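S.K.: Below is the structure I would like to discuss, written out as structure tokens.
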Amino acid sequence: MTIRIEILKERCKGCGICIAVCQMEVLRLSGDTNEQGYAYPVVEKNESCLICGLCEMVCPDFAIWVRQEEEEAMP
Ligand code: SF4
Ligand code: SF4
């Protein structure tokens with residue numbers, strides 16, 4: 001099982017709510033900014049993610065979401 005945290009940085013307004021709600025400190029604010037001038041979250045500790053979905057639920061701009069993907073089966 002692979003955890004994928006997708007962040008659409010151009011939608012992000014840099015509010016930091018997703019970072020604040022993540023109890024596992026998976027996310028941190030980037031030192032970089034998007035085209036609108038907002039710092040956006042980046043994934044720091046993907047392996048710590050609990051797939052709780054809180055970051056996705058609280059984002060007012062639908063800029064972050066979490067997916068679980070099955071590993072590709074070996075041929
Ligand atoms: S799904 Fe939960 S644990 Fe994973 S990054 Fe979002 S808030 Fe953190
Ligand atoms: S909650 Fe959404 S808008 Fe706010 S920093 Fe996170 S991704 Fe960006």
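As shown in the structure tokens, the chain order sets the letters A, B, ...; within each chain, residues go from 1, and ligands are also counted from 1 in the order they appear.
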So that I can see what lies close to region 22-29 of chain A, please list as a ChimeraX atom specification the residues with an atom at most 9 Å from it, counting only C-alpha atoms and leaving out residues fewer than 4 positions away in the same chain.
M.R.: /A:14,16-18,39-50,52,54-55
S.K.: Identify, on the basis of only C-alpha atoms, every residue whose closest approach to Trp65 (chain A) does not exceed 6 Å; exclude the query and any residue fewer than 4 positions from it along the same chain; express the result as a JSON list (two decimals) with C-alpha atoms, in the first residue's frame.
M.R.:
[["chain", "number", "residue", "atom", "x", "y", "z"],
["A", 5, "ILE", "CA", -0.47, 13.12, -0.57],
["A", 6, "GLU", "CA", -1.30, 15.38, -3.47],
["A", 56, "GLU", "CA", -8.11, 17.20, 3.05]]
S.K.: In terms of the shortest atom-to-atom distance over only C-alpha atoms, which of A:Lys13, A:Val21, A:Gly31, A:Ile7 is closest to Gly53 (chain A)?
M.R.: A:Val21
S.K.: Using only C-alpha atoms for the distances, tell me which of A:Ala20, A:Glu69, A:Ile64, A:Arg11 is nearest to Asn34 (chain A).
M.R.: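 Looking at the shortest contact to Asn34 (chain A), the residue is A:Arg11.
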